[in-house]
file coords19.txt (compact mmCIF, C-alpha atoms and all ligand atoms)
# COMPACT_ATOMS: atom_id res chain seq x y z
CA MET A 1 15.58 14.85 1.47
CA PHE A 2 14.64 11.21 1.97
CA LEU A 3 12.87 8.27 0.41
CA LEU A 4 11.41 5.22 2.12
CA ALA A 5 9.72 2.49 0.06
CA ASN A 6 8.79 -1.10 0.75
CA GLU A 7 10.89 -3.90 -0.74
CA ASP A 8 8.41 -4.51 -3.56
CA GLY A 9 8.91 -0.92 -4.64
CA LYS A 10 12.37 -1.88 -5.96
CA ALA A 11 11.67 -1.25 -9.67
CA GLY A 12 11.32 2.51 -9.13
CA VAL A 13 13.43 3.46 -6.12
CA ASP A 14 16.59 4.43 -8.05
CA GLN A 15 14.56 6.64 -10.33
CA ALA A 16 12.75 8.29 -7.41
CA VAL A 17 16.05 9.08 -5.65
CA GLU A 18 17.54 10.48 -8.84
CA LEU A 19 14.53 12.73 -9.33
CA LEU A 20 14.69 13.94 -5.72
CA ASN A 21 18.42 14.64 -6.13
CA ASN A 22 17.59 16.69 -9.24
CA ASN A 23 15.19 18.85 -7.22
CA ASN A 24 11.96 17.33 -8.44
CA THR A 25 9.03 17.41 -6.04
CA ALA A 26 8.35 14.54 -3.65
CA ILE A 27 5.00 14.00 -5.40
CA ASN A 28 6.48 13.76 -8.91
CA SER A 29 9.35 11.55 -7.71
CA ILE A 30 6.93 9.16 -6.01
CA VAL A 31 4.58 9.05 -9.02
CA ALA A 32 7.53 8.29 -11.34
CA GLY A 33 8.88 5.59 -9.01
CA ILE A 34 5.53 3.90 -8.41
CA SER A 35 4.72 4.04 -12.16
CA MET A 36 7.84 1.92 -12.77
CA VAL A 37 6.68 -0.58 -10.16
CA GLU A 38 3.25 -0.70 -11.83
CA GLU A 39 4.87 -1.34 -15.23
CA ASP A 40 7.09 -4.16 -13.95
CA PRO A 41 5.27 -7.51 -14.36
CA HIS A 42 7.55 -8.97 -11.65
CA SER A 43 6.26 -6.54 -9.00
CA LYS A 44 4.04 -8.34 -6.56
CA ILE A 45 0.35 -7.37 -6.46
CA VAL A 46 0.86 -4.00 -8.20
CA GLY A 47 0.02 -2.89 -11.78
CA LEU A 48 1.10 -5.50 -14.33
CA GLY A 49 2.13 -7.75 -11.43
CA GLY A 50 -1.42 -7.49 -10.07
CA LEU A 51 -3.45 -10.54 -9.14
CA ALA A 52 -7.11 -11.08 -9.91
CA ASP A 53 -10.16 -10.97 -7.69
CA ILE A 54 -12.24 -14.11 -7.22
CA GLY A 55 -14.09 -13.47 -10.49
CA GLY A 56 -10.84 -13.19 -12.49
CA ASP A 57 -10.67 -9.39 -12.88
CA VAL A 58 -7.53 -7.42 -11.97
CA THR A 59 -8.62 -4.16 -10.31
CA LEU A 60 -6.16 -1.55 -9.06
CA ASP A 61 -6.25 0.96 -6.20
CA ALA A 62 -3.78 3.82 -5.71
CA ALA A 63 -3.31 7.15 -3.94
CA ILE A 64 -0.92 10.05 -3.63
CA MET A 65 -0.94 12.54 -0.73
CA ASP A 66 0.62 15.97 -0.51
CA GLY A 67 1.74 16.77 3.05
CA GLU A 68 2.12 20.48 2.33
CA ASN A 69 -1.53 21.10 1.52
CA ILE A 70 -3.00 18.04 3.30
CA ASP A 71 -4.61 16.98 0.06
CA PHE A 72 -4.75 13.72 -1.85
CA GLY A 73 -5.93 12.01 -5.02
CA ALA A 74 -7.06 8.38 -4.97
CA VAL A 75 -8.65 5.76 -7.20
CA ALA A 76 -10.15 2.33 -6.70
CA GLY A 77 -11.40 -0.45 -8.94
CA ILE A 78 -9.33 0.47 -12.03
CA LYS A 79 -9.45 -2.27 -14.72
CA LYS A 80 -8.33 -0.52 -17.89
CA TYR A 81 -5.16 1.31 -16.78
CA VAL A 82 -1.85 0.01 -15.43
CA ASN A 83 -0.74 3.35 -13.97
CA ALA A 84 -3.40 3.86 -11.34
CA ILE A 85 -0.99 6.22 -9.52
CA LYS A 86 -1.04 8.60 -12.52
CA ILE A 87 -4.83 8.82 -12.35
CA ALA A 88 -4.58 9.50 -8.60
CA ALA A 89 -2.00 12.25 -9.29
CA ALA A 90 -4.23 13.84 -11.96
CA ILE A 91 -7.08 13.93 -9.42
CA LEU A 92 -4.79 15.53 -6.81
CA HIS A 93 -3.52 18.17 -9.24
CA ASP A 94 -6.61 19.02 -11.19
CA SER A 95 -9.90 17.84 -9.71
CA PRO A 96 -12.20 19.33 -7.08
CA HIS A 97 -12.58 15.76 -5.77
CA CYS A 98 -10.21 13.54 -3.82
CA MET A 99 -11.30 10.08 -4.92
CA LEU A 100 -12.87 8.51 -8.01
CA VAL A 101 -13.73 4.85 -8.52
CA ALA A 102 -14.18 2.36 -11.36
CA GLU A 103 -15.74 3.70 -14.59
CA GLY A 104 -15.76 7.32 -13.39
CA ALA A 105 -12.04 7.18 -12.61
CA GLU A 106 -11.34 5.53 -15.98
CA ARG A 107 -13.32 8.19 -17.79
CA TYR A 108 -11.29 10.83 -15.95
CA ALA A 109 -8.05 9.08 -16.99
CA ARG A 110 -9.21 9.09 -20.63
CA GLU A 111 -9.96 12.80 -20.44
CA LYS A 112 -6.48 13.40 -18.99
CA ASN A 113 -4.84 11.40 -21.80
CA ILE A 114 -3.32 8.81 -19.50
CA PRO A 115 -2.27 5.86 -21.68
CA GLN A 116 -4.79 3.02 -21.47
CA ARG A 117 -3.59 -0.55 -21.03
CA SER A 118 -5.24 -3.45 -19.22
CA PRO A 119 -3.29 -4.87 -16.25
CA ARG A 120 -4.89 -8.26 -16.95
CA LEU A 121 -2.16 -10.28 -18.65
CA ARG A 122 -2.15 -13.90 -19.69
CA LYS A 123 0.09 -14.45 -16.65
CA SER A 124 -2.59 -12.96 -14.34
CA GLU A 125 -5.19 -15.35 -15.78
CA ASP A 126 -2.90 -18.36 -15.27
CA GLN A 127 -2.10 -17.27 -11.70
CA TRP A 128 -5.78 -16.70 -10.99
CA ARG A 129 -6.66 -20.24 -12.19
CA GLU A 130 -3.96 -21.72 -9.96
CA LEU A 131 -4.98 -19.70 -6.91
CA PHE A 132 -8.64 -20.46 -7.50
CA LYS A 133 -8.00 -24.20 -7.66
CA SER A 134 -5.74 -24.12 -4.59
CA TYR A 135 -7.82 -21.94 -2.30
CA VAL A 136 -11.42 -22.30 -3.49
CA ASN A 137 -10.92 -25.98 -4.32
CA GLU A 138 -13.17 -25.67 -7.36
CA ASP A 139 -12.57 -25.58 -11.09
CA PRO A 140 -12.76 -21.90 -12.17
CA SER A 141 -14.69 -22.89 -15.31
CA VAL A 142 -17.80 -23.37 -13.09
CA LEU A 143 -17.94 -19.60 -12.47
CA SER A 144 -21.07 -17.84 -13.72
CA ASP A 145 -23.30 -14.98 -12.58
CA LYS A 146 -25.44 -17.52 -10.74
CA VAL A 147 -22.62 -18.81 -8.56
CA ALA A 148 -22.61 -17.33 -5.05
CA LEU A 149 -19.09 -15.98 -4.70
CA ALA A 150 -19.38 -14.83 -1.09
CA GLN A 151 -18.76 -18.21 0.54
CA TRP A 152 -15.96 -19.09 -1.85
CA CYS A 153 -14.27 -15.77 -1.27
CA LYS A 154 -14.54 -16.11 2.51
CA LYS A 155 -13.12 -19.62 2.38
CA ALA A 156 -10.23 -18.53 0.17
CA ILE A 157 -9.31 -15.38 2.10
CA LEU A 158 -9.78 -16.64 5.65
CA GLY A 159 -8.66 -20.21 4.98
CA ALA A 160 -5.48 -19.25 3.20
CA HIS A 161 -4.38 -16.38 5.40
CA GLY A 162 -0.65 -16.34 5.87
CA HIS A 163 -0.20 -18.23 2.59
CA LEU A 164 -1.99 -16.10 0.04
CA PHE A 165 0.55 -13.43 -0.72
CA LYS A 166 -0.77 -9.92 -0.68
CA ASP A 167 1.11 -6.72 -1.04
CA THR A 168 1.12 -3.11 -2.10
CA THR A 169 3.82 -0.67 -2.93
CA ILE A 170 4.27 2.37 -0.73
CA TYR A 171 6.67 5.30 -1.18
CA MET A 172 7.23 8.17 1.26
CA ALA A 173 9.53 11.09 0.37
CA LYS A 174 10.66 14.57 1.35
CA ASP A 175 11.97 16.90 -1.36
CA HIS A 176 14.41 19.85 -1.50
CA LYS A 177 11.61 22.23 -0.49
CA GLU A 178 10.94 20.09 2.61
CA ASN A 179 7.58 18.92 1.30
CA ILE A 180 6.58 15.42 2.32
CA ALA A 181 4.40 13.08 0.23
CA VAL A 182 3.26 9.46 0.32
CA GLY A 183 2.00 7.21 -2.49
CA THR A 184 0.46 3.74 -2.67
CA SER A 185 -0.53 1.30 -5.42
CA THR A 186 -1.93 -2.23 -5.33
CA SER A 187 -4.24 -4.78 -6.92
CA GLY A 188 -5.34 -5.68 -3.39
CA TRP A 189 -5.88 -9.18 -2.07
CA PRO A 190 -5.82 -11.97 -4.63
CA LEU A 191 -9.28 -13.64 -4.74
CA LYS A 192 -10.89 -10.61 -3.06
CA TYR A 193 -14.64 -10.18 -3.55
CA PRO A 194 -15.37 -8.03 -6.65
CA GLY A 195 -15.69 -4.41 -5.51
CA ARG A 196 -13.56 -4.87 -2.39
CA VAL A 197 -11.49 -1.78 -1.60
CA GLY A 198 -8.58 -2.05 0.82
CA ASP A 199 -6.66 0.56 2.76
CA SER A 200 -4.30 1.71 -0.01
CA PRO A 201 -6.59 4.34 -1.58
CA ILE A 202 -8.19 5.37 1.74
CA CYS A 203 -6.66 8.44 3.33
CA GLY A 204 -5.81 7.83 6.98
CA ALA A 205 -5.99 4.06 6.66
CA GLY A 206 -3.29 3.12 4.11
CA PHE A 207 -1.44 6.45 3.94
CA TYR A 208 -1.15 9.90 5.50
CA ALA A 209 1.32 12.79 5.23
CA ASP A 210 1.64 16.12 6.98
CA ASN A 211 4.73 18.28 6.45
CA GLN A 212 4.64 19.34 10.10
CA TRP A 213 5.10 15.82 11.46
CA GLY A 214 5.93 13.22 8.82
CA ALA A 215 4.17 10.40 7.03
CA ALA A 216 2.91 6.86 7.46
CA ALA A 217 1.67 4.04 5.24
CA CYS A 218 0.61 0.41 5.54
CA THR A 219 0.89 -2.76 3.47
CA ASN A 220 -0.62 -6.22 3.67
CA THR A 221 -3.99 -6.75 5.41
CA GLY A 222 -5.77 -3.54 4.49
CA GLU A 223 -8.88 -4.39 6.47
CA MET A 224 -6.86 -3.95 9.69
CA ALA A 225 -5.58 -0.50 8.68
CA LEU A 226 -9.11 0.47 7.64
CA ARG A 227 -10.50 -0.54 11.03
CA ALA A 228 -7.81 1.19 13.09
CA ASN A 229 -7.12 4.19 10.80
CA THR A 230 -3.51 3.25 11.20
CA ALA A 231 -1.64 5.73 8.99
CA PHE A 232 -3.51 8.71 10.43
CA ALA A 233 -2.98 7.36 13.95
CA VAL A 234 0.82 7.21 13.48
CA VAL A 235 0.97 10.83 12.30
CA GLN A 236 -1.39 11.98 15.06
CA TYR A 237 0.71 10.22 17.69
CA MET A 238 3.74 12.15 16.39
CA LYS A 239 1.68 15.35 16.54
CA ILE A 240 0.97 14.90 20.24
CA GLY A 241 4.66 14.50 20.97
CA LEU A 242 5.66 10.85 20.49
CA SER A 243 8.77 9.89 18.56
CA VAL A 244 8.15 8.01 15.32
CA GLU A 245 9.15 4.77 17.05
CA GLU A 246 6.69 5.35 19.90
CA ALA A 247 4.01 6.43 17.41
CA VAL A 248 4.30 3.19 15.42
CA TYR A 249 4.23 1.12 18.63
CA GLN A 250 1.09 2.98 19.73
CA ALA A 251 -0.53 2.22 16.37
CA MET A 252 0.47 -1.43 16.92
CA LYS A 253 -1.25 -1.32 20.28
CA ASP A 254 -4.43 -0.08 18.57
CA LEU A 255 -4.26 -3.16 16.34
CA THR A 256 -4.31 -5.44 19.38
CA SER A 257 -7.88 -4.24 20.07
CA LEU A 258 -9.20 -5.61 16.78
CA LYS A 259 -11.32 -8.73 17.29
CA GLY A 260 -12.77 -11.03 14.65
CA GLY A 261 -12.87 -10.36 10.92
CA LEU A 262 -9.77 -10.60 8.78
CA LEU A 263 -6.76 -10.50 11.11
CA SER A 264 -3.40 -11.32 9.61
CA ASP A 265 -0.21 -9.29 9.13
CA LEU A 266 -0.07 -5.51 8.84
CA ILE A 267 3.19 -3.70 8.08
CA VAL A 268 3.25 -0.12 9.33
CA TYR A 269 5.80 2.35 7.93
CA GLY A 270 6.35 5.59 9.84
CA ILE A 271 8.79 8.43 9.11
CA ASP A 272 9.15 11.77 10.84
CA LYS A 273 9.90 15.04 9.10
CA HIS A 274 13.64 14.61 9.77
CA GLY A 275 13.73 11.17 8.14
CA LYS A 276 13.84 9.05 11.32
CA HIS A 277 11.85 5.94 10.59
CA LYS A 278 10.23 2.94 12.19
CA VAL A 279 8.80 -0.01 10.28
CA VAL A 280 7.08 -2.84 12.14
CA CYS A 281 5.29 -5.92 10.88
CA TYR A 282 2.43 -6.83 13.20
CA HIS A 283 1.57 -10.52 13.26
CA SER A 284 -1.96 -11.23 14.49
CA LYS A 285 -1.27 -14.95 14.49
CA PRO A 286 1.86 -17.08 14.95
CA ASN A 287 2.21 -18.18 11.31
CA GLY A 288 2.95 -14.72 9.97
CA GLU A 289 5.19 -14.00 7.03
CA PRO A 290 8.97 -13.52 7.45
CA ALA A 291 10.20 -10.04 8.38
CA PRO A 292 9.68 -7.67 5.44
CA LYS A 293 12.39 -5.30 4.22
CA PHE A 294 12.26 -1.72 3.07
CA TRP A 295 14.37 0.73 1.05
CA TYR A 296 15.70 3.87 2.68
CA TRP A 297 17.74 6.80 1.43
CA HIS A 298 18.57 10.05 3.19
CA LYS A 299 20.51 12.76 1.37
CA ASN A 300 22.62 13.63 4.43
CA HIS A 301 23.38 10.07 5.51
CA SER A 302 24.27 8.15 2.39
CA THR A 303 24.34 8.38 -1.37
CA ASP A 304 23.08 4.78 -1.64
CA LEU A 305 19.75 3.18 -0.93
CA GLU A 306 19.87 0.75 1.98
CA LEU A 307 17.68 -2.33 2.25
CA ILE A 308 16.69 -2.62 5.92
CA VAL A 309 14.91 -5.47 7.72
CA ALA A 310 11.76 -4.38 9.57
CA GLU A 311 11.00 -5.36 13.15
CA THR A 312 8.30 -8.00 13.63
CA MET A 313 6.00 -8.15 16.61
CA PHE A 314 3.25 -10.40 17.90
CA LYS A 315 0.28 -9.26 19.92
CA ASP A 316 1.86 -10.43 23.18
CA ASP A 317 5.10 -8.52 22.47
CA ILE A 318 3.10 -5.33 22.08
CA LEU A 319 0.88 -5.89 25.11
CA SER A 320 3.94 -6.47 27.29
CA MET A 321 5.46 -3.09 26.36
CA ASN A 322 5.10 0.01 28.47
CA HIS A 323 2.89 2.35 26.52
CA LYS A 324 2.22 6.03 26.95
CA PHE A 325 -1.56 5.53 26.83
N1 LIG A 401 -2.90 -3.28 1.74
C1 LIG A 401 -3.44 -3.64 0.49
C2 LIG A 401 -4.78 -4.19 0.55
O1 LIG A 401 -5.22 -4.67 1.58
O2 LIG A 401 -5.44 -4.16 -0.47
call {"tool": "encode", "arguments": {"input": "coords19.txt", "output": "structure tokens"}}
result
Amino acid sequence: MFLLANEDGKAGVDQAVELLNNNNTAINSIVAGISMVEEDPHSKIVGLGGLADIGGDVTLDAAIMDGENIDFGAVAGIKKYVNAIKIAAAILHDSPHCMLVAEGAERYAREKNIPQRSPRLRKSEDQWRELFKSYVNEDPSVLSDKVALAQWCKKAILGAHGHLFKDTTIYMAKDHKENIAVGTSTSGWPLKYPGRVGDSPICGAGFYADNQWGAAACTNTGEMALRANTAFAVVQYMKIGLSVEEAVYQAMKDLTSLKGGLLSDLIVYGIDKHGKHKVVCYHSKPNGEPAPKFWYWHKNHSTDLELIVAETMFKDDILSMNHKF
């Protein structure tokens, strides 16, 4: 059994490990852990710690994938529920569909009796006003339906890259029955354009799990993972015989082909079915964020969770490596 979660998943990692130790499934342990992150207002860019889009709305995306059945549930654009991961889990367990968005997903949550609570707190409004003033350089009170948001959003997101914090929580686990799962939850980029969906609820981009090989997930600049299908790529590279370390480096190499658009940092988390892991932060540009950390627990190695520093790499570091392809 193992658990790997990013540093911002802290609020729920102890609970997830305890559940795994008590023979709960990887899916249920991840959903419980991520729910705690979503309910913690100090979590960054997740649930109650979520930050608003450019129009001032907090909208959440989440997903959970089952590596035994190669199946997932995902949601995007959730405004009325804090626990987006619970809606994603309900879709996985009980819907013929894989993904629901916005009002449809919220209706589904209501029908499944998931407690309703807006993630938009007074704190989110204050943070939004501050971010808006800093990165759009306008007073947010000028906002109306007639204002063209596209230019402001582009200026904020591209102009502030490397400074605007953006995150997600990701959990990957294997349970006592050797089933592997991965879960994600995020409010996405602060000041994103309304309706923007990142990688976190998109299977293959922000997450992927397959019991036969392992799992992968991404945080930070979702547009990069969407373009390169990064999580799926890591698992596929393991499938064709690469170690998890080589698989993550190959996925990094794929990222070096991206040109134009939103290029910033992407953190790629890979784990094989035995629990060997590789986490690398790819910096597209020199002013990337400091090396991220991640939580790791393996039943056979240690009773405690370790906080490990990820490797960081720049484009030139990756291009100078010897690759298999
Ligand atoms: N990786 C989270 C996002 O881009 O929304």
call {"tool": "residues_around", "arguments": {"input": "coords19.txt", "residues": "region 194-208 of chain A", "least_positions_apart": "4", "cutoff": "7 Å", "atoms": "all atoms listed in the file", "output": "ChimeraX atom specification"}}
result
/A:53-55,61-63,65,74-77,182,184-185,188,215-218,222-223,225-226,229-232
call {"tool": "residues_near_point", "arguments": {"input": "coords19.txt", "point": "(-0.1, -12.1, 16.1)", "cutoff": "9 Å", "atoms": "only C-alpha atoms", "output": "compact mmCIF listing (two decimals) with C-alpha atoms, in the coordinates of the input"}}
result
# COMPACT_ATOMS: atom_id res chain seq x y z
CA THR A 256 -4.31 -5.44 19.38
CA LEU A 263 -6.76 -10.50 11.11
CA SER A 264 -3.40 -11.32 9.61
CA ASP A 265 -0.21 -9.29 9.13
CA TYR A 282 2.43 -6.83 13.20
CA HIS A 283 1.57 -10.52 13.26
CA SER A 284 -1.96 -11.23 14.49
CA LYS A 285 -1.27 -14.95 14.49
CA PRO A 286 1.86 -17.08 14.95
CA ASN A 287 2.21 -18.18 11.31
CA GLY A 288 2.95 -14.72 9.97
CA MET A 313 6.00 -8.15 16.61
CA PHE A 314 3.25 -10.40 17.90
CA LYS A 315 0.28 -9.26 19.92
CA ASP A 316 1.86 -10.43 23.18
CA ASP A 317 5.10 -8.52 22.47
call {"tool": "residues_around", "arguments": {"input": "coords19.txt", "residues": "region 300-302 of chain A", "least_positions_apart": "4", "cutoff": "9 Å", "atoms": "all atoms listed in the file", "output": "PyMOL selection string"}}
result
chain A and resi 1-2+306
call {"tool": "closest_residue", "arguments": {"input": "coords19.txt", "among": "A:Gly56, A:Gly214, A:Gly261, A:Gly50", "to": "Pro140 (chain A)", "atoms": "all atoms listed in the file"}}
result
A:Gly56
call {"tool": "atom_distance", "arguments": {"input": "coords19.txt", "atom1": "CA of Thr59 (chain A)", "atom2": "CA of His93 (chain A)"}}
result
22.9 Å
call {"tool": "closest_residue", "arguments": {"input": "coords19.txt", "among": "A:Ala150, A:Ile318, A:Leu131, A:Ala173", "to": "Gly33 (chain A)", "atoms": "all atoms listed in the file"}}
result
A:Ala173
call {"tool": "closest_residue", "arguments": {"input": "coords19.txt", "among": "A:Trp213, A:Tyr269, A:Phe294, A:Trp189", "to": "ligand LIG 401 (chain A)", "atoms": "only C-alpha atoms and all ligand atoms"}}
result
A:Trp189
call {"tool": "decode", "arguments": {"input": "coords19.txt", "residues": "region 183-199 of chain A", "atoms": "N, CA and C atoms", "output": "PDB file, in the first residue's frame"}}
result
ATOM      1  N   GLY A 183      -6.724  10.982  -7.462  1.00  0.00           N
ATOM      2  CA  GLY A 183      -7.764  12.008  -7.341  1.00  0.00           C
ATOM      3  C   GLY A 183      -7.163  13.397  -7.452  1.00  0.00           C
ATOM      4  N   THR A 184      -7.966  14.344  -7.919  1.00  0.00           N
ATOM      5  CA  THR A 184      -7.513  15.739  -8.063  1.00  0.00           C
ATOM      6  C   THR A 184      -8.627  16.681  -7.615  1.00  0.00           C
ATOM      7  N   SER A 185      -8.271  17.876  -7.169  1.00  0.00           N
ATOM      8  CA  SER A 185      -9.281  18.895  -6.875  1.00  0.00           C
ATOM      9  C   SER A 185      -8.619  20.268  -6.924  1.00  0.00           C
ATOM     10  N   THR A 186      -9.324  21.241  -7.497  1.00  0.00           N
ATOM     11  CA  THR A 186      -8.731  22.580  -7.647  1.00  0.00           C
ATOM     12  C   THR A 186      -9.803  23.622  -7.955  1.00  0.00           C
ATOM     13  N   SER A 187      -9.466  24.891  -7.672  1.00  0.00           N
ATOM     14  CA  SER A 187     -10.306  25.979  -8.201  1.00  0.00           C
ATOM     15  C   SER A 187      -9.688  26.520  -9.489  1.00  0.00           C
ATOM     16  N   GLY A 188      -8.560  25.930  -9.897  1.00  0.00           N
ATOM     17  CA  GLY A 188      -7.912  26.376 -11.139  1.00  0.00           C
ATOM     18  C   GLY A 188      -7.212  27.713 -10.954  1.00  0.00           C
ATOM     19  N   TRP A 189      -6.733  28.248 -12.041  1.00  0.00           N
ATOM     20  CA  TRP A 189      -5.974  29.504 -12.007  1.00  0.00           C
ATOM     21  C   TRP A 189      -6.798  30.641 -11.428  1.00  0.00           C
ATOM     22  N   PRO A 190      -6.221  31.392 -10.470  1.00  0.00           N
ATOM     23  CA  PRO A 190      -6.891  32.636 -10.075  1.00  0.00           C
ATOM     24  C   PRO A 190      -6.972  33.556 -11.297  1.00  0.00           C
ATOM     25  N   LEU A 191      -8.058  34.299 -11.426  1.00  0.00           N
ATOM     26  CA  LEU A 191      -8.280  35.247 -12.533  1.00  0.00           C
ATOM     27  C   LEU A 191      -8.411  34.552 -13.894  1.00  0.00           C
ATOM     28  N   LYS A 192      -8.723  33.248 -13.882  1.00  0.00           N
ATOM     29  CA  LYS A 192      -8.974  32.541 -15.146  1.00  0.00           C
ATOM     30  C   LYS A 192     -10.221  33.130 -15.814  1.00  0.00           C
ATOM     31  N   TYR A 193     -10.358  32.926 -17.106  1.00  0.00           N
ATOM     32  CA  TYR A 193     -11.563  33.375 -17.815  1.00  0.00           C
ATOM     33  C   TYR A 193     -12.739  32.506 -17.349  1.00  0.00           C
ATOM     34  N   PRO A 194     -13.922  33.088 -17.132  1.00  0.00           N
ATOM     35  CA  PRO A 194     -15.065  32.263 -16.703  1.00  0.00           C
ATOM     36  C   PRO A 194     -15.305  31.112 -17.695  1.00  0.00           C
ATOM     37  N   GLY A 195     -15.437  29.920 -17.171  1.00  0.00           N
ATOM     38  CA  GLY A 195     -15.656  28.753 -18.038  1.00  0.00           C
ATOM     39  C   GLY A 195     -14.379  27.998 -18.360  1.00  0.00           C
ATOM     40  N   ARG A 196     -13.229  28.566 -17.983  1.00  0.00           N
ATOM     41  CA  ARG A 196     -11.960  27.864 -18.254  1.00  0.00           C
ATOM     42  C   ARG A 196     -11.905  26.554 -17.455  1.00  0.00           C
ATOM     43  N   VAL A 197     -11.527  25.479 -18.135  1.00  0.00           N
ATOM     44  CA  VAL A 197     -11.322  24.196 -17.452  1.00  0.00           C
ATOM     45  C   VAL A 197      -9.864  23.817 -17.633  1.00  0.00           C
ATOM     46  N   GLY A 198      -9.205  23.454 -16.560  1.00  0.00           N
ATOM     47  CA  GLY A 198      -7.794  23.058 -16.645  1.00  0.00           C
ATOM     48  C   GLY A 198      -7.642  21.560 -16.819  1.00  0.00           C
ATOM     49  N   ASP A 199      -6.498  21.051 -16.435  1.00  0.00           N
ATOM     50  CA  ASP A 199      -6.194  19.629 -16.625  1.00  0.00           C
ATOM     51  C   ASP A 199      -6.794  18.735 -15.542  1.00  0.00           C
TER      52      ASP A 199
END
